[in-house]
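With mmCIF, C-alpha atoms inside, this is entry04.cif:
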```cif
data_structure
loop_
_atom_site.group_PDB
_atom_site.id
_atom_site.type_symbol
_atom_site.label_atom_id
_atom_site.label_comp_id
_atom_site.auth_asym_id
_atom_site.auth_seq_id
_atom_site.Cartn_x
_atom_site.Cartn_y
_atom_site.Cartn_z
ATOM 1 C CA MET A 82 19.537 -235.989 -111.415
ATOM 2 C CA LYS A 83 20.539 -235.518 -115.060
ATOM 3 C CA LEU A 84 19.733 -231.964 -116.144
ATOM 4 C CA GLN A 85 20.089 -230.177 -119.471
ATOM 5 C CA ASP A 86 20.193 -226.586 -118.233
ATOM 6 C CA PRO A 87 22.113 -225.269 -115.165
ATOM 7 C CA VAL A 88 19.079 -223.463 -113.781
ATOM 8 C CA LEU A 89 16.400 -224.427 -111.317
ATOM 9 C CA GLN A 90 13.882 -226.784 -112.893
ATOM 10 C CA LYS A 91 10.724 -228.488 -111.680
ATOM 11 C CA THR A 92 10.440 -232.245 -111.960
ATOM 12 C CA HIS A 93 7.396 -234.319 -112.765
ATOM 13 C CA PRO A 94 4.798 -233.641 -110.036
ATOM 14 C CA ALA A 95 4.890 -237.266 -108.925
ATOM 15 C CA LEU A 96 8.510 -236.879 -107.821
ATOM 16 C CA ARG A 97 7.844 -233.656 -105.947
ATOM 17 C CA TRP A 98 11.548 -232.722 -105.913
ATOM 18 C CA HIS A 99 12.864 -229.546 -107.559
ATOM 19 C CA LEU A 100 16.258 -230.120 -109.136
ATOM 20 C CA VAL A 101 19.137 -227.779 -109.979
ATOM 21 C CA GLN A 102 22.620 -228.055 -111.462
ATOM 22 C CA LEU A 103 24.963 -225.665 -109.661
ATOM 23 C CA PRO A 104 27.797 -223.888 -111.528
ATOM 24 C CA ILE A 105 30.391 -225.583 -109.321
ATOM 25 C CA GLY A 106 29.302 -229.022 -110.556
ATOM 26 C CA LEU A 107 27.032 -230.210 -107.734
ATOM 27 C CA LYS A 108 23.419 -231.251 -108.175
ATOM 28 C CA VAL A 109 20.830 -230.171 -105.620
ATOM 29 C CA ALA A 110 17.237 -231.277 -105.019
ATOM 30 C CA THR A 111 14.814 -229.504 -102.677
ATOM 31 C CA VAL A 112 11.338 -230.322 -101.458
ATOM 32 C CA LYS A 113 8.929 -228.612 -99.091
ATOM 33 C CA GLU A 114 5.429 -229.866 -98.396
ATOM 34 C CA SER A 115 2.715 -230.495 -95.834
ATOM 35 C CA SER A 116 0.672 -233.674 -96.131
ATOM 36 C CA ALA A 117 -1.493 -236.137 -94.222
ATOM 37 C CA ALA A 118 1.240 -238.789 -94.689
ATOM 38 C CA LEU A 119 4.594 -239.062 -96.395
ATOM 39 C CA ASP A 120 6.428 -241.657 -98.469
ATOM 40 C CA LEU A 121 9.172 -239.850 -100.354
ATOM 41 C CA ALA A 122 12.401 -241.304 -101.766
ATOM 42 C CA LEU A 123 15.494 -239.351 -102.763
ATOM 43 C CA PRO A 124 15.793 -238.767 -106.510
ATOM 44 C CA ASP A 125 17.892 -241.230 -108.492
ATOM 45 C CA ALA A 126 21.337 -239.689 -108.959
ATOM 46 C CA GLY A 127 22.042 -241.736 -112.067
ATOM 47 C CA GLU A 128 25.748 -242.123 -111.314
ATOM 48 C CA LYS A 129 28.134 -243.059 -108.502
ATOM 49 C CA GLY A 130 28.815 -240.674 -105.652
ATOM 50 C CA LEU A 131 27.501 -239.610 -102.251
ATOM 51 C CA THR A 132 24.292 -237.869 -101.244
ATOM 52 C CA LEU A 133 24.145 -235.388 -98.365
ATOM 53 C CA THR A 134 20.554 -234.677 -97.327
ATOM 54 C CA PHE A 135 19.440 -232.108 -94.773
ATOM 55 C CA ILE A 136 15.958 -232.511 -93.316
ATOM 56 C CA HIS A 137 13.616 -230.608 -91.061
ATOM 57 C CA TYR A 138 10.044 -231.465 -90.132
ATOM 58 C CA LYS A 139 7.157 -231.240 -87.697
ATOM 59 C CA GLY A 140 5.471 -234.553 -87.016
ATOM 60 C CA GLU A 141 6.812 -238.115 -86.871
ATOM 61 C CA LEU A 142 9.397 -239.296 -89.401
ATOM 62 C CA VAL A 143 11.211 -242.564 -90.080
ATOM 63 C CA VAL A 144 14.107 -242.984 -92.516
ATOM 64 C CA HIS A 145 14.240 -246.139 -94.634
ATOM 65 C CA SER A 146 16.587 -247.597 -97.220
ATOM 66 C CA VAL A 147 15.006 -247.800 -100.661
ATOM 67 C CA ASN A 148 17.036 -250.965 -101.302
ATOM 68 C CA HIS A 149 15.472 -252.660 -98.261
ATOM 69 C CA PRO A 150 11.908 -251.295 -97.964
ATOM 70 C CA ASP A 151 10.735 -254.102 -95.664
ATOM 71 C CA GLN A 152 13.338 -253.446 -92.996
ATOM 72 C CA ALA A 153 12.454 -251.342 -89.978
ATOM 73 C CA GLY A 154 13.365 -247.700 -90.461
ATOM 74 C CA GLN A 155 15.276 -245.422 -88.135
ATOM 75 C CA PRO A 156 13.931 -242.222 -86.561
ATOM 76 C CA ALA A 157 15.775 -239.010 -87.391
ATOM 77 C CA SER A 158 15.687 -235.733 -85.524
ATOM 78 C CA PRO A 159 14.628 -232.452 -87.149
ATOM 79 C CA GLY A 160 17.572 -230.309 -88.207
ATOM 80 C CA MET A 161 19.783 -233.214 -89.262
ATOM 81 C CA GLY A 162 22.197 -233.901 -92.084
ATOM 82 C CA LEU A 163 22.462 -237.463 -93.393
ATOM 83 C CA MET A 164 25.202 -238.631 -95.746
ATOM 84 C CA SER A 165 24.648 -241.848 -97.686
ATOM 85 C CA VAL A 166 25.950 -243.658 -100.760
ATOM 86 C CA ALA A 167 24.028 -242.510 -103.837
ATOM 87 C CA ASP A 168 23.157 -246.014 -105.031
ATOM 88 C CA ARG A 169 21.759 -246.839 -101.586
ATOM 89 C CA PRO A 170 19.152 -244.034 -101.503
ATOM 90 C CA LEU A 171 17.033 -243.109 -98.509
ATOM 91 C CA SER A 172 13.288 -242.661 -98.251
ATOM 92 C CA PHE A 173 11.318 -240.653 -95.700
ATOM 93 C CA ARG A 174 8.028 -241.926 -94.318
ATOM 94 C CA SER A 175 5.345 -240.707 -91.966
ATOM 95 C CA VAL A 176 1.994 -242.362 -91.288
ATOM 96 C CA GLY A 177 0.552 -239.162 -89.846
ATOM 97 C CA PRO A 178 0.368 -235.447 -90.705
ATOM 98 C CA ILE A 179 3.763 -233.903 -91.328
ATOM 99 C CA GLN A 180 5.402 -230.691 -92.490
ATOM 100 C CA PHE A 181 8.553 -231.792 -94.274
ATOM 101 C CA SER A 182 11.381 -229.985 -96.032
ATOM 102 C CA ALA A 183 14.672 -231.315 -97.350
ATOM 103 C CA LEU A 184 17.709 -230.280 -99.341
ATOM 104 C CA SER A 185 19.697 -233.074 -100.968
ATOM 105 C CA ILE A 186 23.170 -232.472 -102.410
ATOM 106 C CA PHE A 187 24.522 -235.047 -104.860
ATOM 107 C CA LEU A 188 28.329 -235.260 -104.846
ATOM 108 C CA PRO A 189 29.421 -237.124 -107.990
ATOM 109 C CA GLU A 190 32.500 -239.319 -107.750
ATOM 110 C CA PRO A 191 34.692 -237.187 -110.097
ATOM 111 C CA TRP A 192 33.842 -234.075 -108.038
ATOM 112 C CA LEU A 193 34.757 -235.893 -104.822
ATOM 113 C CA ARG A 194 38.096 -237.022 -106.249
ATOM 114 C CA LEU A 195 38.880 -233.530 -107.526
ATOM 115 C CA PHE A 196 38.058 -231.573 -104.358
ATOM 116 C CA LEU A 197 38.378 -234.135 -101.547
ATOM 117 C CA GLY A 198 40.731 -236.772 -102.893
ATOM 118 C CA GLY A 199 43.565 -237.412 -100.437
ATOM 119 C CA ASN A 200 41.759 -235.657 -97.576
ATOM 120 C CA GLU A 201 42.191 -237.778 -94.436
ATOM 121 C CA GLN A 202 38.898 -236.661 -92.918
ATOM 122 C CA PHE A 203 36.973 -237.543 -96.041
ATOM 123 C CA GLY A 204 38.786 -240.866 -96.193
ATOM 124 C CA HIS A 205 37.297 -241.730 -92.784
ATOM 125 C CA ILE A 206 33.825 -240.842 -94.063
ATOM 126 C CA GLU A 207 34.224 -243.070 -97.120
ATOM 127 C CA GLU A 208 35.406 -245.982 -94.975
ATOM 128 C CA LEU A 209 32.359 -245.710 -92.718
ATOM 129 C CA LEU A 210 29.997 -245.541 -95.661
ATOM 130 C CA LYS A 211 31.344 -248.784 -97.125
ATOM 131 C CA VAL A 212 29.323 -250.644 -94.501
ATOM 132 C CA GLU A 213 25.966 -251.672 -95.946
ATOM 133 C CA GLU A 214 23.149 -249.286 -94.958
ATOM 134 C CA ASN A 215 25.500 -247.107 -92.916
ATOM 135 C CA VAL A 216 24.505 -243.427 -92.793
ATOM 136 C CA ILE A 217 26.600 -240.640 -91.251
ATOM 137 C CA THR A 218 24.683 -237.920 -89.422
ATOM 138 C CA SER A 219 25.321 -234.462 -88.030
ATOM 139 C CA ARG A 220 23.144 -231.987 -86.148
ATOM 140 C CA LEU A 221 22.729 -228.491 -87.577
ATOM 141 C CA GLY A 222 23.311 -225.364 -85.516
ATOM 142 C CA ARG A 223 21.307 -222.137 -85.725
ATOM 143 C CA ARG A 224 23.375 -220.631 -88.547
ATOM 144 C CA GLN A 225 23.163 -223.815 -90.602
ATOM 145 C CA MET A 226 19.398 -224.030 -90.060
ATOM 146 C CA SER A 227 19.184 -220.499 -91.427
ATOM 147 C CA LEU A 228 21.075 -221.581 -94.569
ATOM 148 C CA PHE A 229 18.822 -224.616 -94.885
ATOM 149 C CA SER A 230 15.635 -222.552 -94.541
ATOM 150 C CA SER A 231 16.913 -220.052 -97.095
ATOM 151 C CA SER A 232 17.680 -222.816 -99.592
ATOM 152 C CA THR A 233 14.369 -224.661 -99.287
ATOM 153 C CA ALA A 234 12.357 -221.409 -99.395
ATOM 154 C CA ARG A 235 13.651 -220.367 -102.817
ATOM 155 C CA CYS A 236 10.997 -220.274 -105.525
ATOM 156 C CA PRO A 237 11.634 -223.236 -107.894
ATOM 157 C CA GLY A 238 10.258 -221.314 -110.850
ATOM 158 C CA ARG A 239 12.847 -218.554 -110.702
ATOM 159 C CA THR A 240 15.848 -218.816 -113.008
ATOM 160 C CA GLU A 241 17.853 -215.676 -112.213
ATOM 161 C CA ARG A 242 21.565 -216.382 -111.987
ATOM 162 C CA VAL A 243 21.831 -214.438 -108.735
ATOM 163 C CA GLU A 244 19.358 -216.848 -107.145
ATOM 164 C CA LEU A 245 21.407 -219.756 -108.436
ATOM 165 C CA LEU A 246 24.588 -218.340 -106.916
ATOM 166 C CA ARG A 247 22.857 -217.722 -103.595
ATOM 167 C CA LEU A 248 21.643 -221.311 -103.551
ATOM 168 C CA GLN A 249 25.159 -222.478 -104.348
ATOM 169 C CA ASN A 250 26.622 -220.404 -101.493
ATOM 170 C CA ASP A 251 24.064 -221.820 -99.048
ATOM 171 C CA THR A 252 24.757 -225.339 -100.270
ATOM 172 C CA LEU A 253 28.530 -224.987 -99.929
ATOM 173 C CA GLY A 254 28.081 -223.541 -96.429
ATOM 174 C CA LEU A 255 26.061 -226.593 -95.376
ATOM 175 C CA LEU A 256 28.533 -228.983 -96.986
ATOM 176 C CA GLU A 257 31.493 -227.306 -95.304
ATOM 177 C CA TYR A 258 29.785 -227.417 -91.909
ATOM 178 C CA PHE A 259 28.920 -231.098 -92.257
ATOM 179 C CA LEU A 260 32.454 -232.107 -93.212
ATOM 180 C CA CYS A 261 34.123 -229.944 -90.554
ATOM 181 C CA ASN A 262 31.639 -230.987 -87.880
ATOM 182 C CA ARG A 263 32.154 -234.676 -88.661
ATOM 183 C CA HIS A 264 35.938 -234.205 -88.582
ATOM 184 C CA ARG A 265 36.037 -234.037 -84.793
ATOM 185 C CA SER A 266 34.021 -237.177 -84.084
ATOM 186 C CA LEU A 267 35.670 -239.206 -86.869
ATOM 187 C CA LEU A 268 39.127 -238.506 -85.467
ATOM 188 C CA GLY A 269 38.026 -239.202 -81.894
ATOM 189 C CA MET A 270 39.001 -235.835 -80.430
ATOM 190 C CA SER A 271 38.154 -235.441 -76.751
ATOM 191 C CA PRO A 272 39.288 -232.122 -75.201
ATOM 192 C CA VAL A 273 36.496 -229.783 -74.143
ATOM 193 C CA SER A 274 37.989 -227.060 -76.338
ATOM 194 C CA ASP A 275 37.052 -229.123 -79.402
ATOM 195 C CA ILE A 276 33.400 -228.115 -78.946
ATOM 196 C CA GLU A 277 33.186 -224.541 -80.126
ATOM 197 C CA ASN A 278 29.685 -224.497 -81.591
ATOM 198 C CA GLU A 279 27.400 -222.456 -79.318
ATOM 199 C CA ASP A 280 24.401 -224.620 -80.200
ATOM 200 C CA ASP A 281 26.249 -227.784 -79.177
ATOM 201 C CA LEU A 282 27.370 -226.236 -75.890
ATOM 202 C CA SER A 283 23.834 -225.024 -75.202
ATOM 203 C CA LEU A 284 22.453 -228.477 -76.003
ATOM 204 C CA ILE A 285 24.843 -230.282 -73.672
ATOM 205 C CA ARG A 286 24.071 -227.903 -70.786
ATOM 206 C CA GLU A 287 20.343 -228.364 -71.378
ATOM 207 C CA VAL A 288 20.736 -232.152 -71.265
ATOM 208 C CA GLU A 289 22.887 -232.010 -68.128
ATOM 209 C CA SER A 290 20.205 -229.948 -66.367
ATOM 210 C CA TYR A 291 17.489 -232.340 -67.509
ATOM 211 C CA ILE A 292 19.467 -235.350 -66.259
ATOM 212 C CA ALA A 293 20.169 -233.674 -62.914
ATOM 213 C CA GLU A 294 16.432 -233.166 -62.384
ATOM 214 C CA PHE A 295 15.027 -236.496 -63.543
ATOM 215 C CA TYR A 296 17.794 -239.144 -63.461
ATOM 216 C CA CYS A 297 16.368 -240.933 -60.409
ATOM 217 C CA SER A 298 12.945 -241.425 -61.999
ATOM 218 C CA ASP A 299 12.170 -245.007 -63.055
ATOM 219 C CA THR A 300 10.560 -243.623 -66.238
ATOM 220 C CA PHE A 301 13.642 -241.602 -67.185
ATOM 221 C CA THR A 302 15.386 -242.916 -70.325
ATOM 222 C CA VAL A 303 17.855 -241.715 -72.924
ATOM 223 C CA ASP A 304 14.979 -241.796 -75.432
ATOM 224 C CA SER A 305 13.128 -239.206 -73.363
ATOM 225 C CA ILE A 306 16.163 -236.906 -73.724
ATOM 226 C CA LEU A 307 16.292 -237.431 -77.495
ATOM 227 C CA LYS A 308 12.610 -236.548 -77.856
ATOM 228 C CA LYS A 309 12.969 -233.483 -75.658
ATOM 229 C CA THR A 310 16.011 -232.119 -77.493
ATOM 230 C CA TYR A 311 15.214 -233.306 -81.034
ATOM 231 C CA THR A 312 18.688 -234.718 -81.472
ATOM 232 C CA SER A 313 20.186 -238.092 -82.348
ATOM 233 C CA TYR A 314 21.737 -240.622 -79.983
ATOM 234 C CA HIS A 315 24.925 -240.601 -82.043
ATOM 235 C CA ARG A 316 25.280 -236.825 -81.819
ATOM 236 C CA LEU A 317 24.547 -236.691 -78.085
ATOM 237 C CA ASN A 318 27.014 -239.486 -77.423
ATOM 238 C CA PHE A 319 29.713 -237.626 -79.329
ATOM 239 C CA LEU A 320 29.138 -234.466 -77.277
ATOM 240 C CA PHE A 321 29.213 -236.350 -73.955
ATOM 241 C CA LYS A 322 32.362 -238.219 -74.934
ATOM 242 C CA THR A 323 34.001 -234.957 -75.932
ATOM 243 C CA ILE A 324 33.147 -233.096 -72.725
ATOM 244 C CA HIS A 325 32.876 -235.865 -70.105
ATOM 245 C CA GLY A 326 34.922 -238.670 -71.661
ATOM 246 C CA MET A 327 31.988 -241.095 -71.473
ATOM 247 C CA THR A 328 28.745 -241.932 -73.257
ATOM 248 C CA ILE A 329 25.487 -240.373 -72.131
ATOM 249 C CA SER A 330 24.365 -243.740 -70.703
ATOM 250 C CA GLU A 331 27.572 -243.980 -68.659
ATOM 251 C CA TYR A 332 27.091 -240.401 -67.476
ATOM 252 C CA ILE A 333 23.554 -241.193 -66.244
ATOM 253 C CA ARG A 334 24.724 -244.423 -64.613
ATOM 254 C CA ASN A 335 27.512 -242.620 -62.766
ATOM 255 C CA LYS A 336 25.100 -239.954 -61.510
ATOM 256 C CA ARG A 337 22.801 -242.637 -60.123
ATOM 257 C CA ILE A 338 25.590 -244.656 -58.536
ATOM 258 C CA GLU A 339 27.142 -241.554 -56.989
ATOM 259 C CA LYS A 340 23.767 -240.679 -55.482
ATOM 260 C CA SER A 341 23.342 -244.222 -54.150
ATOM 261 C CA LYS A 342 26.769 -244.057 -52.515
ATOM 262 C CA GLU A 343 25.627 -241.006 -50.552
ATOM 263 C CA MET A 344 22.408 -242.789 -49.558
ATOM 264 C CA ILE A 345 24.326 -245.850 -48.350
ATOM 265 C CA ALA A 346 26.499 -243.627 -46.166
ATOM 266 C CA ASP A 347 23.346 -242.116 -44.619
ATOM 267 C CA ASN A 348 22.321 -245.649 -43.498
ATOM 268 C CA ALA A 349 18.633 -244.760 -43.670
ATOM 269 C CA LYS A 350 17.520 -247.324 -46.272
ATOM 270 C CA SER A 351 18.298 -250.839 -47.451
ATOM 271 C CA ILE A 352 20.289 -251.586 -50.609
ATOM 272 C CA SER A 353 17.164 -252.712 -52.462
ATOM 273 C CA GLN A 354 15.286 -249.536 -51.465
ATOM 274 C CA ILE A 355 18.173 -247.390 -52.664
ATOM 275 C CA ALA A 356 18.358 -249.263 -55.977
ATOM 276 C CA TYR A 357 14.653 -248.661 -56.616
ATOM 277 C CA GLU A 358 14.811 -244.977 -55.650
ATOM 278 C CA ILE A 359 17.644 -244.176 -58.048
ATOM 279 C CA GLY A 360 15.798 -245.729 -60.991
ATOM 280 C CA TYR A 361 16.880 -249.392 -61.025
ATOM 281 C CA SER A 362 14.089 -251.956 -61.316
ATOM 282 C CA SER A 363 16.569 -254.827 -60.853
ATOM 283 C CA ILE A 364 18.749 -255.111 -57.757
ATOM 284 C CA SER A 365 21.248 -257.275 -59.657
ATOM 285 C CA ASN A 366 21.659 -254.605 -62.351
ATOM 286 C CA TYR A 367 22.257 -252.009 -59.663
ATOM 287 C CA ILE A 368 24.912 -254.157 -57.960
ATOM 288 C CA LEU A 369 26.710 -254.704 -61.277
ATOM 289 C CA ALA A 370 26.615 -250.975 -62.060
ATOM 290 C CA PHE A 371 27.901 -250.035 -58.590
ATOM 291 C CA LYS A 372 30.746 -252.535 -58.860
ATOM 292 C CA LYS A 373 31.664 -251.261 -62.330
ATOM 293 C CA VAL A 374 32.019 -247.715 -60.995
ATOM 294 C CA TYR A 375 33.609 -248.367 -57.570
ATOM 295 C CA GLN A 376 35.089 -251.902 -57.998
ATOM 296 C CA ILE A 377 33.150 -253.064 -54.941
ATOM 297 C CA THR A 378 29.589 -254.223 -54.309
ATOM 298 C CA PRO A 379 27.207 -251.840 -52.490
ATOM 299 C CA GLY A 380 26.865 -254.418 -49.688
ATOM 300 C CA LYS A 381 30.622 -254.521 -49.061
ATOM 301 C CA TYR A 382 30.822 -250.748 -49.286
ATOM 302 C CA LYS A 383 28.080 -250.486 -46.655
ATOM 303 C CA LYS A 384 30.058 -252.754 -44.335
ATOM 304 C CA GLN A 385 33.225 -250.690 -44.866
ATOM 305 C CA MET A 386 31.271 -247.576 -43.939
ATOM 306 C CA GLY A 387 30.044 -249.326 -40.784
ATOM 307 C CA ALA A 388 26.520 -248.545 -41.862
#
```
Show the structure stored in the file as structure tokens.
Amino acid sequence: MKLQDPVLQKTHPALRWHLVQLPIGLKVATVKESSAALDLALPDAGEKGLTLTFIHYKGELVVHSVNHPDQAGQPASPGMGLMSVADRPLSFRSVGPIQFSALSIFLPEPWLRLFLGGNEQFGHIEELLKVEENVITSRLGRRQMSLFSSSTARCPGRTERVELLRLQNDTLGLLEYFLCNRHRSLLGMSPVSDIENEDDLSLIREVESYIAEFYCSDTFTVDSILKKTYTSYHRLNFLFKTIHGMTISEYIRNKRIEKSKEMIADNAKSISQIAYEIGYSSISNYILAFKKVYQITPGKYKKQMGA
């Protein structure tokens, strides 16, 4: 991302990214396109630092590491921010039709040291990113999606300074949100009051309602929740740990086991029937889950209840 002029410039058409040097010292690349398929790598930063990329799309998308193109990629939800090490760039692929937009912020090492050096929160981020192929993610709220849409919609041919400053303001807003949003999960905070974002609260209530309706179905999975809500497993786990003190998988398990406990007390069905009806295909898995929650097997609990 080496630029000669601090104004928005268009790259070679093959790269498809539009690059800009912001007055504050950050470099930004944007792309917005619709295509029958996609295979698009982040631009080469040319120096050490971190890259924070926000993406949104309609279609199917998988994120790969450019350094390991043969490895299986990871799905990413629309409206996500992904932070990676600049010399381990990401690529975005789709084998089908897709509408894709992205804004990538390059944070050079001197800039990071100047503005974030000594910051405990940022220190946690750097430690996590030292792991090979590790990427830190965060889900955008409505306000942040508005900033993202504003940034990627700007005409790359325009060079007015006011447009440059607006892009810089949007970029700094997204960067601030990402760092502040990651602060809570990195430090392991758990009180309910730590979730103040209305979009996060709305998401968690939506998921709770969905679980309450379908958790006993044998086709119900965490993946079905992720597809319905367009969020990541990591993000959803963080929210459930913050509000309920457990992962989403543990939350679903506890709902099922609690329901089975009520069914055992009713003494209308056998243990194996109950296990099947609450979504367990294996009776042994159900027994292990029941014992983990109540420290007793369902059979012994049934005897205690006199059922």
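Atom to atom, CA of Gln225 in chain A and CA of Ser283 in chain A stand 15.5 Å apart.
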Query raised in the report: At a cut-off of 10 Å from (28.4, -251.2, -53.9) in the coordinates of the file, what residues are picked up using only C-alpha atoms, written as JSON, numbers by chain?
Result: {"A": [338, 341, 342, 345, 352, 367, 368, 369, 370, 371, 372, 373, 374, 375, 376, 377, 378, 379, 380, 381, 382, 383, 384]}
I want to know what sits within 9 Å of range 306-314 of chain A, based on all atoms listed in the file, with residues of the same chain fewer than 5 positions away left out; could you give that as a PDB file with C-alpha atoms, keeping the file's coordinate frame?
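Result saved to selection37.pdb:
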```pdb
ATOM      1  CA  PRO A 156      13.931-242.222 -86.561  1.00  0.00           C
ATOM      2  CA  ALA A 157      15.775-239.010 -87.391  1.00  0.00           C
ATOM      3  CA  SER A 158      15.687-235.733 -85.524  1.00  0.00           C
ATOM      4  CA  PRO A 159      14.628-232.452 -87.149  1.00  0.00           C
ATOM      5  CA  GLY A 160      17.572-230.309 -88.207  1.00  0.00           C
ATOM      6  CA  MET A 161      19.783-233.214 -89.262  1.00  0.00           C
ATOM      7  CA  THR A 218      24.683-237.920 -89.422  1.00  0.00           C
ATOM      8  CA  SER A 219      25.321-234.462 -88.030  1.00  0.00           C
ATOM      9  CA  ARG A 220      23.144-231.987 -86.148  1.00  0.00           C
ATOM     10  CA  LEU A 284      22.453-228.477 -76.003  1.00  0.00           C
ATOM     11  CA  GLU A 287      20.343-228.364 -71.378  1.00  0.00           C
ATOM     12  CA  VAL A 288      20.736-232.152 -71.265  1.00  0.00           C
ATOM     13  CA  TYR A 291      17.489-232.340 -67.509  1.00  0.00           C
ATOM     14  CA  ILE A 292      19.467-235.350 -66.259  1.00  0.00           C
ATOM     15  CA  PHE A 301      13.642-241.602 -67.185  1.00  0.00           C
ATOM     16  CA  PHE A 319      29.713-237.626 -79.329  1.00  0.00           C
ATOM     17  CA  ILE A 329      25.487-240.373 -72.131  1.00  0.00           C
TER      18      ILE A 329
END
```
Query raised in the report: For this file, the PyMOL selection byres ((chain A and resi 145) around 7) selects which residues, as a VMD selection string?
Result: chain A and resid 143 to 144 146 to 147 150 154 to 155 171 to 173
Report summary line: CA of Gly326 in chain A sits from CA of Phe295 in chain A at a separation of 21.6 Å
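Taking CA of Glu208 in chain A and CA of Thr132 in chain A as endpoints, the distance between them is 15.1 Å.
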Report task. Could you tell me which residues the PyMOL selection byres ((chain A and resi 176) around 9) returns for this structure, as a VMD selection string? Result -> chain A and resid 117 to 120 141 to 142 174 to 175 177 to 179
Requested in this report: Run the PyMOL selection byres ((chain A and resi 356) around 10) on the file and write out the hits as a VMD selection string.
Outcome: chain A and resid 297 337 to 338 341 344 350 to 355 357 to 368 371 379
Query raised in the report: Taking into account all atoms listed in the file, which residue in the set A:Asp168, A:Met386, A:Ser232, A:Glu331 is nearest to Asp347 in chain A?
Result: A:Met386
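With all atoms listed in the file as the atoms that count, the minimum distance from Arg334 in chain A to the choices A:Ala153, A:Ile285, A:Ala167, A:Ala293 is reached by A:Ala293.
Candidate residues A:Ser298, A:Ser165, A:Ser230, A:Gln102 were compared for distance to Leu123 in chain A, and the nearest is A:Ser165, using all atoms listed in the file.
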Could you rebuild range 120-132 of chain A with N, CA, C and O atoms and give me the result as an mmCIF file, in the coordinates of the input?
```cif
data_model
loop_
_atom_site.group_PDB
_atom_site.id
_atom_site.type_symbol
_atom_site.label_atom_id
_atom_site.label_comp_id
_atom_site.auth_asym_id
_atom_site.auth_seq_id
_atom_site.Cartn_x
_atom_site.Cartn_y
_atom_site.Cartn_z
ATOM 1 N N ASP A 120 5.602 -240.552 -98.005
ATOM 2 C CA ASP A 120 6.428 -241.657 -98.469
ATOM 3 C C ASP A 120 7.222 -241.120 -99.651
ATOM 4 O O ASP A 120 6.774 -241.147 -100.788
ATOM 5 N N LEU A 121 8.409 -240.607 -99.368
ATOM 6 C CA LEU A 121 9.172 -239.850 -100.354
ATOM 7 C C LEU A 121 10.609 -240.357 -100.411
ATOM 8 O O LEU A 121 11.319 -240.329 -99.408
ATOM 9 N N ALA A 122 11.037 -240.819 -101.579
ATOM 10 C CA ALA A 122 12.401 -241.304 -101.766
ATOM 11 C C ALA A 122 13.261 -240.201 -102.367
ATOM 12 O O ALA A 122 12.766 -239.314 -103.067
ATOM 13 N N LEU A 123 14.564 -240.272 -102.113
ATOM 14 C CA LEU A 123 15.494 -239.351 -102.763
ATOM 15 C C LEU A 123 15.503 -239.604 -104.271
ATOM 16 O O LEU A 123 15.328 -240.739 -104.720
ATOM 17 N N PRO A 124 15.714 -238.572 -105.064
ATOM 18 C CA PRO A 124 15.793 -238.767 -106.510
ATOM 19 C C PRO A 124 16.963 -239.667 -106.883
ATOM 20 O O PRO A 124 17.973 -239.704 -106.184
ATOM 21 N N ASP A 125 16.822 -240.372 -107.990
ATOM 22 C CA ASP A 125 17.892 -241.230 -108.492
ATOM 23 C C ASP A 125 19.010 -240.357 -109.061
ATOM 24 O O ASP A 125 18.793 -239.571 -109.981
ATOM 25 N N ALA A 126 20.214 -240.508 -108.511
ATOM 26 C CA ALA A 126 21.337 -239.689 -108.959
ATOM 27 C C ALA A 126 21.813 -240.069 -110.357
ATOM 28 O O ALA A 126 22.338 -239.238 -111.088
ATOM 29 N N GLY A 127 21.666 -241.316 -110.729
ATOM 30 C CA GLY A 127 22.042 -241.736 -112.067
ATOM 31 C C GLY A 127 23.508 -242.032 -112.258
ATOM 32 O O GLY A 127 23.934 -242.411 -113.342
ATOM 33 N N GLU A 128 24.322 -241.828 -111.235
ATOM 34 C CA GLU A 128 25.748 -242.123 -111.314
ATOM 35 C C GLU A 128 26.304 -242.308 -109.905
ATOM 36 O O GLU A 128 25.631 -242.020 -108.909
ATOM 37 N N LYS A 129 27.542 -242.779 -109.807
ATOM 38 C CA LYS A 129 28.134 -243.059 -108.502
ATOM 39 C C LYS A 129 28.517 -241.767 -107.788
ATOM 40 O O LYS A 129 28.858 -240.770 -108.408
ATOM 41 N N GLY A 130 28.458 -241.820 -106.469
ATOM 42 C CA GLY A 130 28.815 -240.674 -105.652
ATOM 43 C C GLY A 130 28.178 -240.782 -104.282
ATOM 44 O O GLY A 130 27.751 -241.862 -103.858
ATOM 45 N N LEU A 131 28.122 -239.672 -103.570
ATOM 46 C CA LEU A 131 27.501 -239.610 -102.251
ATOM 47 C C LEU A 131 26.359 -238.595 -102.275
ATOM 48 O O LEU A 131 26.359 -237.664 -103.086
ATOM 49 N N THR A 132 25.410 -238.794 -101.380
ATOM 50 C CA THR A 132 24.292 -237.869 -101.244
ATOM 51 C C THR A 132 24.256 -237.343 -99.820
ATOM 52 O O THR A 132 24.256 -238.124 -98.868
#
```
